[in-house]
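Source file: final.cif (mmCIF, C-alpha atoms and all ligand atoms)
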```
data_structure
loop_
_atom_site.group_PDB
_atom_site.id
_atom_site.type_symbol
_atom_site.label_atom_id
_atom_site.label_comp_id
_atom_site.auth_asym_id
_atom_site.auth_seq_id
_atom_site.Cartn_x
_atom_site.Cartn_y
_atom_site.Cartn_z
ATOM 1 C CA MET A 1469 4.261 23.230 -7.672
ATOM 2 C CA LYS A 1470 7.318 21.316 -6.591
ATOM 3 C CA ALA A 1471 7.445 17.630 -7.505
ATOM 4 C CA MET A 1472 9.960 14.794 -7.518
ATOM 5 C CA ILE A 1473 9.582 13.371 -10.994
ATOM 6 C CA LEU A 1474 10.833 10.218 -12.715
ATOM 7 C CA GLU A 1475 11.857 10.870 -16.305
ATOM 8 C CA LYS A 1476 14.069 7.863 -16.838
ATOM 9 C CA ILE A 1477 14.159 4.435 -15.156
ATOM 10 C CA GLY A 1478 17.295 3.992 -13.082
ATOM 11 C CA ARG A 1479 18.908 2.515 -9.987
ATOM 12 C CA ILE A 1480 17.969 4.441 -6.869
ATOM 13 C CA GLU A 1481 21.658 4.906 -6.021
ATOM 14 C CA ASP A 1482 21.863 7.126 -9.126
ATOM 15 C CA LYS A 1483 19.080 9.388 -7.795
ATOM 16 C CA PRO A 1484 16.638 8.955 -10.708
ATOM 17 C CA LEU A 1485 14.019 11.258 -9.140
ATOM 18 C CA HIS A 1486 14.638 14.937 -9.504
ATOM 19 C CA MET A 1487 12.908 18.082 -8.343
ATOM 20 C CA VAL A 1488 10.933 20.063 -10.908
ATOM 21 C CA ASP A 1489 8.581 23.009 -10.845
ATOM 22 C CA LEU A 1490 5.265 22.203 -12.573
ATOM 23 C CA GLN A 1491 1.914 23.821 -13.118
ATOM 24 C CA GLU A 1492 -0.580 22.703 -10.442
ATOM 25 C CA PRO A 1493 -3.279 20.393 -11.850
ATOM 26 C CA SER A 1494 -6.448 22.227 -12.879
ATOM 27 C CA ILE A 1495 -9.749 20.794 -11.666
ATOM 28 C CA LYS A 1496 -13.277 20.600 -12.993
ATOM 29 C CA GLY A 1497 -16.598 18.837 -12.261
ATOM 30 C CA SER A 1498 -16.321 16.417 -9.334
ATOM 31 C CA GLU A 1499 -12.593 16.861 -8.785
ATOM 32 C CA LEU A 1500 -10.770 18.097 -5.716
ATOM 33 C CA LEU A 1501 -7.451 19.897 -5.745
ATOM 34 C CA VAL A 1502 -5.580 18.501 -2.751
ATOM 35 C CA LYS A 1503 -2.574 20.151 -1.137
ATOM 36 C CA ILE A 1504 -0.482 17.192 -0.062
ATOM 37 C CA ILE A 1505 0.758 17.081 3.534
ATOM 38 C CA THR A 1506 2.385 13.632 3.596
ATOM 39 C CA CYS A 1507 3.019 10.781 1.171
ATOM 40 C CA GLY A 1508 4.253 7.322 2.136
ATOM 41 C CA VAL A 1509 7.194 5.690 0.378
ATOM 42 C CA CYS A 1510 6.134 2.295 -0.911
ATOM 43 C CA ARG A 1511 8.304 -0.582 -2.093
ATOM 44 C CA SER A 1512 6.243 -0.626 -5.265
ATOM 45 C CA ASN A 1513 7.469 2.952 -5.946
ATOM 46 C CA LEU A 1514 10.991 1.524 -5.833
ATOM 47 C CA HIS A 1515 10.079 -1.321 -8.211
ATOM 48 C CA LEU A 1516 8.545 1.177 -10.632
ATOM 49 C CA ILE A 1517 11.528 3.553 -10.490
ATOM 50 C CA GLU A 1518 14.139 0.816 -10.964
ATOM 51 C CA GLY A 1519 12.246 -0.828 -13.831
ATOM 52 C CA ASP A 1520 11.615 -4.140 -12.024
ATOM 53 C CA TRP A 1521 8.006 -4.069 -13.180
ATOM 54 C CA LEU A 1522 8.488 -3.075 -16.837
ATOM 55 C CA LYS A 1523 7.589 -6.693 -17.649
ATOM 56 C CA TYR A 1524 4.140 -6.014 -16.121
ATOM 57 C CA GLY A 1525 3.780 -2.762 -18.079
ATOM 58 C CA ILE A 1526 4.586 -0.524 -15.068
ATOM 59 C CA PRO A 1527 5.105 2.382 -15.463
ATOM 60 C CA PRO A 1528 2.906 2.648 -18.560
ATOM 61 C CA LYS A 1529 4.363 6.073 -19.375
ATOM 62 C CA LEU A 1530 7.113 8.505 -18.428
ATOM 63 C CA PRO A 1531 7.590 11.013 -16.974
ATOM 64 C CA ILE A 1532 5.586 10.153 -13.883
ATOM 65 C CA ILE A 1533 5.400 11.480 -10.324
ATOM 66 C CA PRO A 1534 5.368 8.409 -8.033
ATOM 67 C CA GLY A 1535 3.668 8.037 -4.652
ATOM 68 C CA HIS A 1536 0.238 6.659 -3.836
ATOM 69 C CA GLU A 1537 -0.452 6.877 -0.099
ATOM 70 C CA ILE A 1538 -1.432 10.433 0.592
ATOM 71 C CA ILE A 1539 -2.926 12.689 3.237
ATOM 72 C CA GLY A 1540 -3.679 16.277 2.309
ATOM 73 C CA LYS A 1541 -6.084 19.158 2.599
ATOM 74 C CA VAL A 1542 -8.711 20.130 0.033
ATOM 75 C CA GLU A 1543 -7.511 23.404 -1.471
ATOM 76 C CA SER A 1544 -10.336 23.912 -3.958
ATOM 77 C CA ILE A 1545 -13.278 21.986 -5.383
ATOM 78 C CA GLY A 1546 -14.896 21.564 -8.785
ATOM 79 C CA GLU A 1547 -18.378 22.999 -9.345
ATOM 80 C CA GLU A 1548 -20.079 19.557 -9.041
ATOM 81 C CA VAL A 1549 -18.389 18.392 -5.820
ATOM 82 C CA LYS A 1550 -21.013 17.309 -3.248
ATOM 83 C CA HIS A 1551 -19.206 15.672 -0.349
ATOM 84 C CA PHE A 1552 -16.175 17.823 0.441
ATOM 85 C CA ARG A 1553 -15.369 21.430 1.196
ATOM 86 C CA GLU A 1554 -12.222 23.478 1.102
ATOM 87 C CA GLY A 1555 -10.099 22.734 4.146
ATOM 88 C CA ASP A 1556 -11.298 19.124 4.618
ATOM 89 C CA ARG A 1557 -8.554 16.644 5.365
ATOM 90 C CA VAL A 1558 -8.612 13.773 2.874
ATOM 91 C CA GLY A 1559 -6.648 10.666 2.041
ATOM 92 C CA ILE A 1560 -5.941 9.073 -1.324
ATOM 93 C CA GLN A 1561 -5.171 5.387 -1.859
ATOM 94 C CA PRO A 1562 -3.590 3.848 -4.976
ATOM 95 C CA LEU A 1563 -6.990 3.468 -6.669
ATOM 96 C CA TYR A 1564 -7.304 6.760 -8.588
ATOM 97 C CA SER A 1565 -10.512 5.955 -10.425
ATOM 98 C CA SER A 1566 -12.563 3.149 -11.924
ATOM 99 C CA CYS A 1567 -15.484 2.963 -14.366
ATOM 100 C CA LEU A 1568 -18.046 2.440 -11.538
ATOM 101 C CA ASN A 1569 -20.269 0.501 -13.930
ATOM 102 C CA CYS A 1570 -18.682 -2.887 -14.728
ATOM 103 C CA GLU A 1571 -19.299 -6.223 -12.993
ATOM 104 C CA TYR A 1572 -16.366 -5.543 -10.617
ATOM 105 C CA CYS A 1573 -17.342 -1.996 -9.783
ATOM 106 C CA LEU A 1574 -20.980 -2.970 -9.262
ATOM 107 C CA SER A 1575 -20.008 -5.742 -6.830
ATOM 108 C CA GLY A 1576 -17.837 -3.562 -4.599
ATOM 109 C CA ASN A 1577 -14.593 -4.674 -6.215
ATOM 110 C CA GLU A 1578 -13.759 -1.467 -8.065
ATOM 111 C CA HIS A 1579 -10.041 -2.065 -7.403
ATOM 112 C CA LEU A 1580 -10.303 -4.948 -9.903
ATOM 113 C CA CYS A 1581 -11.932 -2.797 -12.621
ATOM 114 C CA ASN A 1582 -10.316 -3.172 -16.050
ATOM 115 C CA GLU A 1583 -10.457 0.601 -16.450
ATOM 116 C CA ARG A 1584 -8.910 1.371 -13.086
ATOM 117 C CA GLN A 1585 -6.293 4.096 -12.915
ATOM 118 C CA ILE A 1586 -3.543 3.981 -10.316
ATOM 119 C CA VAL A 1587 -2.056 6.951 -8.473
ATOM 120 C CA GLY A 1588 1.642 7.435 -9.175
ATOM 121 C CA ASP A 1589 1.550 4.839 -11.924
ATOM 122 C CA THR A 1590 -0.980 5.773 -14.619
ATOM 123 C CA GLU A 1591 -1.672 9.169 -12.967
ATOM 124 C CA ASN A 1592 0.742 11.568 -11.298
ATOM 125 C CA GLY A 1593 1.120 10.767 -7.616
ATOM 126 C CA GLY A 1594 2.013 12.153 -4.236
ATOM 127 C CA TYR A 1595 5.706 13.058 -4.411
ATOM 128 C CA ALA A 1596 4.467 16.589 -5.111
ATOM 129 C CA GLU A 1597 2.753 19.555 -3.534
ATOM 130 C CA TYR A 1598 -0.619 19.027 -5.221
ATOM 131 C CA ILE A 1599 -2.765 16.295 -6.765
ATOM 132 C CA LYS A 1600 -6.255 16.256 -8.204
ATOM 133 C CA ILE A 1601 -8.721 13.456 -7.553
ATOM 134 C CA ASN A 1602 -12.383 12.730 -8.193
ATOM 135 C CA GLU A 1603 -14.261 13.102 -4.901
ATOM 136 C CA LEU A 1604 -15.587 9.529 -5.215
ATOM 137 C CA PHE A 1605 -12.025 8.272 -4.700
ATOM 138 C CA ALA A 1606 -11.069 10.575 -1.820
ATOM 139 C CA TYR A 1607 -11.632 9.589 1.810
ATOM 140 C CA ARG A 1608 -12.334 11.863 4.749
ATOM 141 C CA VAL A 1609 -9.602 11.464 7.382
ATOM 142 C CA PRO A 1610 -11.029 11.349 10.931
ATOM 143 C CA ASP A 1611 -9.702 14.153 13.175
ATOM 144 C CA ASN A 1612 -7.936 11.776 15.530
ATOM 145 C CA ILE A 1613 -5.768 10.293 12.776
ATOM 146 C CA ASP A 1614 -2.408 12.037 12.475
ATOM 147 C CA ASP A 1615 -1.080 13.494 9.199
ATOM 148 C CA LYS A 1616 1.816 11.071 9.302
ATOM 149 C CA ALA A 1617 -0.588 8.126 8.988
ATOM 150 C CA ALA A 1618 -0.559 8.402 5.172
ATOM 151 C CA PRO A 1619 0.545 4.728 4.981
ATOM 152 C CA LEU A 1620 -2.982 3.736 6.018
ATOM 153 C CA PHE A 1621 -3.774 4.466 2.378
ATOM 154 C CA CYS A 1622 -1.588 1.773 0.823
ATOM 155 C CA PRO A 1623 -0.051 -0.656 3.308
ATOM 156 C CA GLY A 1624 -3.088 -0.182 5.563
ATOM 157 C CA VAL A 1625 -5.663 -1.164 2.992
ATOM 158 C CA THR A 1626 -3.348 -3.762 1.419
ATOM 159 C CA ALA A 1627 -2.802 -5.447 4.795
ATOM 160 C CA TYR A 1628 -6.493 -5.261 5.676
ATOM 161 C CA ARG A 1629 -7.660 -6.931 2.490
ATOM 162 C CA ALA A 1630 -4.938 -9.586 2.483
ATOM 163 C CA VAL A 1631 -5.800 -10.587 6.057
ATOM 164 C CA LYS A 1632 -9.495 -10.669 5.178
ATOM 165 C CA MET A 1633 -8.740 -12.871 2.141
ATOM 166 C CA ALA A 1634 -7.059 -15.361 4.496
ATOM 167 C CA MET A 1635 -10.437 -15.711 6.305
ATOM 168 C CA PRO A 1636 -8.853 -15.963 9.758
ATOM 169 C CA GLN A 1637 -10.672 -17.906 12.492
ATOM 170 C CA PRO A 1638 -9.979 -17.486 16.219
ATOM 171 C CA ASN A 1639 -6.942 -19.417 17.492
ATOM 172 C CA GLU A 1640 -5.604 -20.225 14.051
ATOM 173 C CA LYS A 1641 -1.911 -19.890 13.345
ATOM 174 C CA ILE A 1642 -1.216 -17.364 10.621
ATOM 175 C CA GLY A 1643 2.222 -16.805 9.155
ATOM 176 C CA ILE A 1644 3.094 -13.393 7.748
ATOM 177 C CA PHE A 1645 6.079 -13.554 5.410
ATOM 178 C CA GLY A 1646 7.759 -10.173 5.104
ATOM 179 C CA ILE A 1647 7.287 -7.517 7.776
ATOM 180 C CA GLY A 1648 8.033 -3.825 7.118
ATOM 181 C CA GLY A 1649 5.509 -1.395 5.657
ATOM 182 C CA VAL A 1650 2.610 -3.755 4.973
ATOM 183 C CA GLY A 1651 3.545 -6.622 7.265
ATOM 184 C CA HIS A 1652 3.682 -4.561 10.452
ATOM 185 C CA ILE A 1653 0.101 -3.433 9.867
ATOM 186 C CA ALA A 1654 -1.030 -6.931 8.855
ATOM 187 C CA ILE A 1655 0.188 -8.278 12.224
ATOM 188 C CA GLN A 1656 -2.052 -5.820 14.068
ATOM 189 C CA ILE A 1657 -5.078 -6.511 11.886
ATOM 190 C CA ALA A 1658 -4.653 -10.295 12.070
ATOM 191 C CA LYS A 1659 -4.497 -10.107 15.856
ATOM 192 C CA LEU A 1660 -7.917 -8.438 15.900
ATOM 193 C CA TYR A 1661 -9.290 -11.769 14.658
ATOM 194 C CA GLY A 1662 -7.888 -13.556 17.716
ATOM 195 C CA VAL A 1663 -5.276 -15.537 15.832
ATOM 196 C CA GLU A 1664 -1.710 -16.396 16.691
ATOM 197 C CA VAL A 1665 0.592 -14.475 14.340
ATOM 198 C CA ILE A 1666 3.982 -15.819 13.310
ATOM 199 C CA ALA A 1667 6.266 -13.246 11.657
ATOM 200 C CA ILE A 1668 8.762 -14.633 9.186
ATOM 201 C CA THR A 1669 11.488 -12.188 8.187
ATOM 202 C CA ARG A 1670 15.257 -12.307 7.976
ATOM 203 C CA SER A 1671 15.638 -8.661 9.015
ATOM 204 C CA LYS A 1672 16.613 -8.206 12.680
ATOM 205 C CA LEU A 1673 15.016 -4.742 12.633
ATOM 206 C CA HIS A 1674 11.731 -6.223 11.447
ATOM 207 C CA GLN A 1675 11.888 -9.166 13.854
ATOM 208 C CA GLU A 1676 12.085 -6.706 16.719
ATOM 209 C CA LEU A 1677 9.214 -4.649 15.339
ATOM 210 C CA ALA A 1678 7.041 -7.767 14.901
ATOM 211 C CA TYR A 1679 7.824 -8.870 18.454
ATOM 212 C CA LYS A 1680 6.816 -5.465 19.831
ATOM 213 C CA LEU A 1681 3.510 -5.799 17.983
ATOM 214 C CA GLY A 1682 2.797 -9.156 19.628
ATOM 215 C CA ALA A 1683 3.826 -11.617 16.929
ATOM 216 C CA LYS A 1684 5.908 -14.754 17.484
ATOM 217 C CA ILE A 1685 9.138 -14.653 15.561
ATOM 218 C CA GLY A 1686 10.220 -17.316 13.113
ATOM 219 C CA TYR A 1687 8.545 -20.347 11.655
ATOM 220 C CA ASP A 1688 9.056 -23.298 13.999
ATOM 221 C CA GLY A 1689 8.289 -26.032 11.472
ATOM 222 C CA SER A 1690 4.759 -26.809 12.686
ATOM 223 C CA SER A 1691 1.921 -26.331 10.245
ATOM 224 C CA LEU A 1692 0.302 -22.953 9.715
ATOM 225 C CA ASP A 1693 -3.412 -22.661 9.030
ATOM 226 C CA LYS A 1694 -2.910 -19.713 6.707
ATOM 227 C CA ALA A 1695 -0.003 -17.762 5.259
ATOM 228 C CA ILE A 1696 0.187 -14.249 3.858
ATOM 229 C CA VAL A 1697 3.174 -13.237 1.750
ATOM 230 C CA PHE A 1698 4.406 -9.662 1.373
ATOM 231 C CA ALA A 1699 8.094 -10.472 0.888
ATOM 232 C CA PRO A 1700 8.921 -9.994 -2.809
ATOM 233 C CA SER A 1701 10.700 -13.324 -3.107
ATOM 234 C CA ASN A 1702 9.957 -16.629 -4.804
ATOM 235 C CA ASP A 1703 11.634 -18.430 -1.897
ATOM 236 C CA ALA A 1704 9.223 -16.821 0.561
ATOM 237 C CA ILE A 1705 6.275 -17.890 -1.597
ATOM 238 C CA LYS A 1706 7.625 -21.446 -1.810
ATOM 239 C CA MET A 1707 8.149 -21.612 1.943
ATOM 240 C CA ALA A 1708 4.681 -20.191 2.622
ATOM 241 C CA ILE A 1709 3.002 -22.805 0.430
ATOM 242 C CA LYS A 1710 5.002 -25.574 2.077
ATOM 243 C CA SER A 1711 4.330 -24.467 5.640
ATOM 244 C CA VAL A 1712 0.541 -24.319 5.349
ATOM 245 C CA LYS A 1713 -1.592 -27.342 6.307
ATOM 246 C CA LYS A 1714 -3.452 -29.322 3.654
ATOM 247 C CA GLY A 1715 -6.531 -27.382 2.600
ATOM 248 C CA GLY A 1716 -5.026 -24.168 4.008
ATOM 249 C CA ILE A 1717 -4.979 -20.744 2.374
ATOM 250 C CA ILE A 1718 -1.958 -18.831 1.069
ATOM 251 C CA VAL A 1719 -2.556 -15.170 0.208
ATOM 252 C CA LEU A 1720 -0.044 -13.508 -2.093
ATOM 253 C CA GLY A 1721 0.297 -9.749 -1.917
ATOM 254 C CA VAL A 1722 3.299 -9.682 -4.254
ATOM 255 C CA PHE A 1723 4.310 -10.696 -7.753
ATOM 256 C CA GLY A 1724 6.179 -13.990 -7.832
ATOM 257 C CA SER A 1725 6.217 -17.423 -9.373
ATOM 258 C CA ILE A 1726 4.791 -20.619 -7.985
ATOM 259 C CA ASP A 1727 6.384 -23.944 -8.635
ATOM 260 C CA GLU A 1728 5.896 -27.422 -7.181
ATOM 261 C CA PHE A 1729 2.268 -26.838 -6.325
ATOM 262 C CA MET A 1730 0.851 -30.138 -5.087
ATOM 263 C CA PHE A 1731 -2.786 -30.369 -6.102
ATOM 264 C CA VAL A 1732 -3.245 -33.389 -3.829
ATOM 265 C CA ASP A 1733 -2.892 -31.142 -0.756
ATOM 266 C CA GLU A 1734 -5.944 -29.065 -1.771
ATOM 267 C CA LYS A 1735 -4.277 -25.842 -0.727
ATOM 268 C CA ILE A 1736 -5.747 -22.577 -1.959
ATOM 269 C CA ILE A 1737 -3.607 -19.756 -3.332
ATOM 270 C CA LYS A 1738 -5.235 -16.337 -3.594
ATOM 271 C CA GLY A 1739 -4.006 -12.976 -4.795
ATOM 272 C CA SER A 1740 -4.849 -9.772 -2.985
ATOM 273 C CA VAL A 1741 -4.236 -6.298 -4.337
ATOM 274 C CA ILE A 1742 -4.755 -2.986 -2.535
ATOM 275 C CA GLY A 1743 -8.465 -2.882 -1.620
ATOM 276 C CA SER A 1744 -11.882 -1.517 -2.475
ATOM 277 C CA ARG A 1745 -13.312 1.788 -1.310
ATOM 278 C CA LYS A 1746 -15.241 -0.111 1.394
ATOM 279 C CA ASP A 1747 -12.008 -1.775 2.601
ATOM 280 C CA MET A 1748 -10.420 1.679 2.794
ATOM 281 C CA LYS A 1749 -13.325 2.963 4.856
ATOM 282 C CA ASP A 1750 -12.999 -0.027 7.243
ATOM 283 C CA VAL A 1751 -9.273 0.681 7.697
ATOM 284 C CA LEU A 1752 -9.982 4.298 8.629
ATOM 285 C CA ASP A 1753 -12.589 3.124 11.167
ATOM 286 C CA LEU A 1754 -10.071 0.755 12.783
ATOM 287 C CA ALA A 1755 -7.368 3.429 12.863
ATOM 288 C CA SER A 1756 -9.784 5.966 14.304
ATOM 289 C CA LYS A 1757 -10.524 3.507 17.151
ATOM 290 C CA GLY A 1758 -6.794 3.314 17.855
ATOM 291 C CA LEU A 1759 -6.507 -0.300 16.684
ATOM 292 C CA ILE A 1760 -3.807 0.285 14.036
ATOM 293 C CA LYS A 1761 -0.507 1.945 14.837
ATOM 294 C CA ILE A 1762 1.764 3.012 12.005
ATOM 295 C CA ILE A 1763 5.485 3.193 12.641
ATOM 296 C CA THR A 1764 6.916 5.957 10.454
ATOM 297 C CA GLU A 1765 10.162 7.722 9.726
ATOM 298 C CA GLU A 1766 9.921 11.153 8.096
ATOM 299 C CA PHE A 1767 11.879 12.568 5.156
ATOM 300 C CA ARG A 1768 11.647 15.802 3.179
ATOM 301 C CA LEU A 1769 10.297 15.699 -0.375
ATOM 302 C CA ASP A 1770 13.717 16.418 -1.872
ATOM 303 C CA ASP A 1771 15.114 13.448 0.075
ATOM 304 C CA ALA A 1772 12.827 10.977 -1.737
ATOM 305 C CA ASN A 1773 15.774 9.234 -3.427
ATOM 306 C CA GLU A 1774 17.447 8.807 -0.051
ATOM 307 C CA ALA A 1775 14.267 7.445 1.586
ATOM 308 C CA LEU A 1776 13.906 4.898 -1.245
ATOM 309 C CA LYS A 1777 17.570 3.912 -0.970
ATOM 310 C CA ARG A 1778 17.161 3.284 2.750
ATOM 311 C CA LEU A 1779 14.070 1.209 2.010
ATOM 312 C CA LYS A 1780 16.016 -0.825 -0.576
ATOM 313 C CA ASN A 1781 18.755 -1.459 1.973
ATOM 314 C CA GLY A 1782 16.305 -2.626 4.653
ATOM 315 C CA LEU A 1783 16.977 0.346 6.920
ATOM 316 C CA ILE A 1784 13.385 1.555 7.350
ATOM 317 C CA GLU A 1785 11.694 0.079 10.417
ATOM 318 C CA GLY A 1786 8.031 0.594 9.484
ATOM 319 C CA ARG A 1787 7.306 3.076 6.727
ATOM 320 C CA ALA A 1788 9.132 6.095 5.331
ATOM 321 C CA VAL A 1789 6.867 9.117 4.868
ATOM 322 C CA LEU A 1790 7.648 12.272 2.912
ATOM 323 C CA ARG A 1791 6.530 15.453 4.641
ATOM 324 C CA ILE A 1792 5.766 17.749 1.696
HETATM 325 ZN ZN ZN B 1 2.008 1.055 -2.051
HETATM 326 ZN ZN ZN B 2 -15.304 -0.877 -13.473
#
```
Mind converting the file's structure to structure tokens?
Ligand SMILES: [Zn+2]
Ligand SMILES: [Zn+2]
Amino acid sequence: MKAMILEKIGRIEDKPLHMVDLQEPSIKGSELLVKIITCGVCRSNLHLIEGDWLKYGIPPKLPIIPGHEIIGKVESIGEEVKHFREGDRVGIQPLYSSCLNCEYCLSGNEHLCNERQIVGDTENGGYAEYIKINELFAYRVPDNIDDKAAPLFCPGVTAYRAVKMAMPQPNEKIGIFGIGGVGHIAIQIAKLYGVEVIAITRSKLHQELAYKLGAKIGYDGSSLDKAIVFAPSNDAIKMAIKSVKKGGIIVLGVFGSIDEFMFVDEKIIKGSVIGSRKDMKDVLDLASKGLIKIITEEFRLDDANEALKRLKNGLIEGRAVLRI
């Protein structure tokens, strides 16, 4: 199979991903072999490739095939597969597997499992023609969801969980810091709760996108009830904490550092990372009802370096998607 592989960390301008021909993964037991149709291009792929996250142990090994938001078709199934057949359309989110038996897994938080494996990070990902996955971590894609909606499987579930963690109440003011791949979906999900959404982004392209999706643009200085941060910037985190009312909630969907946290304001800072299998199912239900629109721009697999470079330079409106 063809795959864009990362053998050595490097700046995206130097085209660190290159095309290789590999043996397709072999499957057994409860695994599916999936022929990939589309794979979204995530900012975290860029961080991994450029070595920004080596300090967090990512990637744990090289070489690796990046990419973790996938739609494909089941090509073949292991002898113990119960829920899928050849030809089914399935999606794969970053959560590749978990132990299914620890306190997190047993409480519906398998994305927090200490044994979790991550697609395109600890396991080869979607910048390739094929991937294998245990059927328990594959999701049936409803017929009315387009192949290009692969970003439902990372930004979709990430946005959904982050908004849920903010516990929005009708008529509250919620600030979303950082639009783009995750933020543009978070706006739509937050609006389903009947809140007023304020989009905070310096990018003109993203301001226009947020406006089209019904958000107000720019923080006007009045207090927010909640804030959700997707912009990978300590300044954005600082501003989010400052702009929330006393007792308000700040949800962080990015790495970053927190300084000057005033305990006397009783604000609550929460982290939110991807989402559980149930969250993923909820996202697919919303998308199937037409409540989430994904703005995409398509690239060919061998243009993955170019797609990532455009993402780095802020030139992607919603989400870049590789058509495999
Ligand atoms: Zn992602
Ligand atoms: Zn577990």
Task: Selection: 10 Å around Lys1483 (chain A), only C-alpha atoms, excl. self and same-chain fewer than 2 positions, as a PyMOL selection string - done: chain A and resi 1474+1478-1481+1485-1486+1517+1771-1774+1776-1777
Task: Picked residues, the PyMOL selection byres (((chain A and resi 1780-1784) around 9) and not hetatm), expected as a PyMOL selection string - done: chain A and resi 1480+1511+1514+1648-1649+1671+1673-1674+1764-1765+1775-1779+1785-1788
Expected file contents, prior selection, C-alpha atoms, as a short mmCIF file (atom, residue, chain, number, x, y, z; two decimals), in the coordinates of the input:
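Contents of the output file out_34.cif:
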```
data_model
loop_
_atom_site.label_atom_id
_atom_site.label_comp_id
_atom_site.auth_asym_id
_atom_site.auth_seq_id
_atom_site.Cartn_x
_atom_site.Cartn_y
_atom_site.Cartn_z
CA ILE A 1480 17.97 4.44 -6.87
CA ARG A 1511 8.30 -0.58 -2.09
CA LEU A 1514 10.99 1.52 -5.83
CA GLY A 1648 8.03 -3.82 7.12
CA GLY A 1649 5.51 -1.40 5.66
CA SER A 1671 15.64 -8.66 9.02
CA LEU A 1673 15.02 -4.74 12.63
CA HIS A 1674 11.73 -6.22 11.45
CA THR A 1764 6.92 5.96 10.45
CA GLU A 1765 10.16 7.72 9.73
CA ALA A 1775 14.27 7.44 1.59
CA LEU A 1776 13.91 4.90 -1.25
CA LYS A 1777 17.57 3.91 -0.97
CA ARG A 1778 17.16 3.28 2.75
CA LEU A 1779 14.07 1.21 2.01
CA GLU A 1785 11.69 0.08 10.42
CA GLY A 1786 8.03 0.59 9.48
CA ARG A 1787 7.31 3.08 6.73
CA ALA A 1788 9.13 6.10 5.33
#
```
Open item on the list: Taking 2 positions as the minimum chain separation for residues in the same chain, which residues sit within 9 Å of region 1620-1637 of chain A when counting all atoms listed in the file? Answer as a PyMOL selection string.
Closed with: chain A and resi 1508+1510+1536-1539+1559-1562+1617-1618+1639-1642+1649-1655+1657-1658+1661-1663+1693-1697+1717-1721+1738-1744+1747-1752+1755+1760+1762+1787
Include C-alpha atoms and write out the residues we just selected as a compact mmCIF listing (two decimals), in the frame of the given file.
```
# COMPACT_ATOMS: atom_id res chain seq x y z
CA GLY A 1508 4.25 7.32 2.14
CA CYS A 1510 6.13 2.30 -0.91
CA HIS A 1536 0.24 6.66 -3.84
CA GLU A 1537 -0.45 6.88 -0.10
CA ILE A 1538 -1.43 10.43 0.59
CA ILE A 1539 -2.93 12.69 3.24
CA GLY A 1559 -6.65 10.67 2.04
CA ILE A 1560 -5.94 9.07 -1.32
CA GLN A 1561 -5.17 5.39 -1.86
CA PRO A 1562 -3.59 3.85 -4.98
CA ALA A 1617 -0.59 8.13 8.99
CA ALA A 1618 -0.56 8.40 5.17
CA ASN A 1639 -6.94 -19.42 17.49
CA GLU A 1640 -5.60 -20.23 14.05
CA LYS A 1641 -1.91 -19.89 13.34
CA ILE A 1642 -1.22 -17.36 10.62
CA GLY A 1649 5.51 -1.40 5.66
CA VAL A 1650 2.61 -3.76 4.97
CA GLY A 1651 3.54 -6.62 7.26
CA HIS A 1652 3.68 -4.56 10.45
CA ILE A 1653 0.10 -3.43 9.87
CA ALA A 1654 -1.03 -6.93 8.86
CA ILE A 1655 0.19 -8.28 12.22
CA ILE A 1657 -5.08 -6.51 11.89
CA ALA A 1658 -4.65 -10.30 12.07
CA TYR A 1661 -9.29 -11.77 14.66
CA GLY A 1662 -7.89 -13.56 17.72
CA VAL A 1663 -5.28 -15.54 15.83
CA ASP A 1693 -3.41 -22.66 9.03
CA LYS A 1694 -2.91 -19.71 6.71
CA ALA A 1695 0.00 -17.76 5.26
CA ILE A 1696 0.19 -14.25 3.86
CA VAL A 1697 3.17 -13.24 1.75
CA ILE A 1717 -4.98 -20.74 2.37
CA ILE A 1718 -1.96 -18.83 1.07
CA VAL A 1719 -2.56 -15.17 0.21
CA LEU A 1720 -0.04 -13.51 -2.09
CA GLY A 1721 0.30 -9.75 -1.92
CA LYS A 1738 -5.24 -16.34 -3.59
CA GLY A 1739 -4.01 -12.98 -4.80
CA SER A 1740 -4.85 -9.77 -2.98
CA VAL A 1741 -4.24 -6.30 -4.34
CA ILE A 1742 -4.76 -2.99 -2.54
CA GLY A 1743 -8.46 -2.88 -1.62
CA SER A 1744 -11.88 -1.52 -2.48
CA ASP A 1747 -12.01 -1.78 2.60
CA MET A 1748 -10.42 1.68 2.79
CA LYS A 1749 -13.32 2.96 4.86
CA ASP A 1750 -13.00 -0.03 7.24
CA VAL A 1751 -9.27 0.68 7.70
CA LEU A 1752 -9.98 4.30 8.63
CA ALA A 1755 -7.37 3.43 12.86
CA ILE A 1760 -3.81 0.28 14.04
CA ILE A 1762 1.76 3.01 12.00
CA ARG A 1787 7.31 3.08 6.73
```
Could you build a table of the residues in chain A lying no more than 7 Å from ligand ZN 2 (chain B), giving for each the nearest pair of atoms and their separation in Å rounded to one decimal place, using all atoms listed in the file, ordered by chain and ascending residue number, as CSV?
```
residue,atom,partner,partner_atom,distance
A:Ser1566,CA,B:ZN2,ZN,5.1
A:Cys1567,CA,B:ZN2,ZN,3.9
A:Leu1568,CA,B:ZN2,ZN,4.7
A:Asn1569,CA,B:ZN2,ZN,5.2
A:Cys1570,CA,B:ZN2,ZN,4.1
A:Glu1571,CA,B:ZN2,ZN,6.7
A:Tyr1572,CA,B:ZN2,ZN,5.6
A:Cys1573,CA,B:ZN2,ZN,4.4
A:Glu1578,CA,B:ZN2,ZN,5.7
A:Cys1581,CA,B:ZN2,ZN,4.0
A:Asn1582,CA,B:ZN2,ZN,6.1
A:Glu1583,CA,B:ZN2,ZN,5.9
A:Arg1584,CA,B:ZN2,ZN,6.8
```
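Closest approach to ligand ZN 1 (chain B) among A:Lys1761, A:His1515, A:Arg1670, A:Lys1541: A:His1515, based on all atoms listed in the file.
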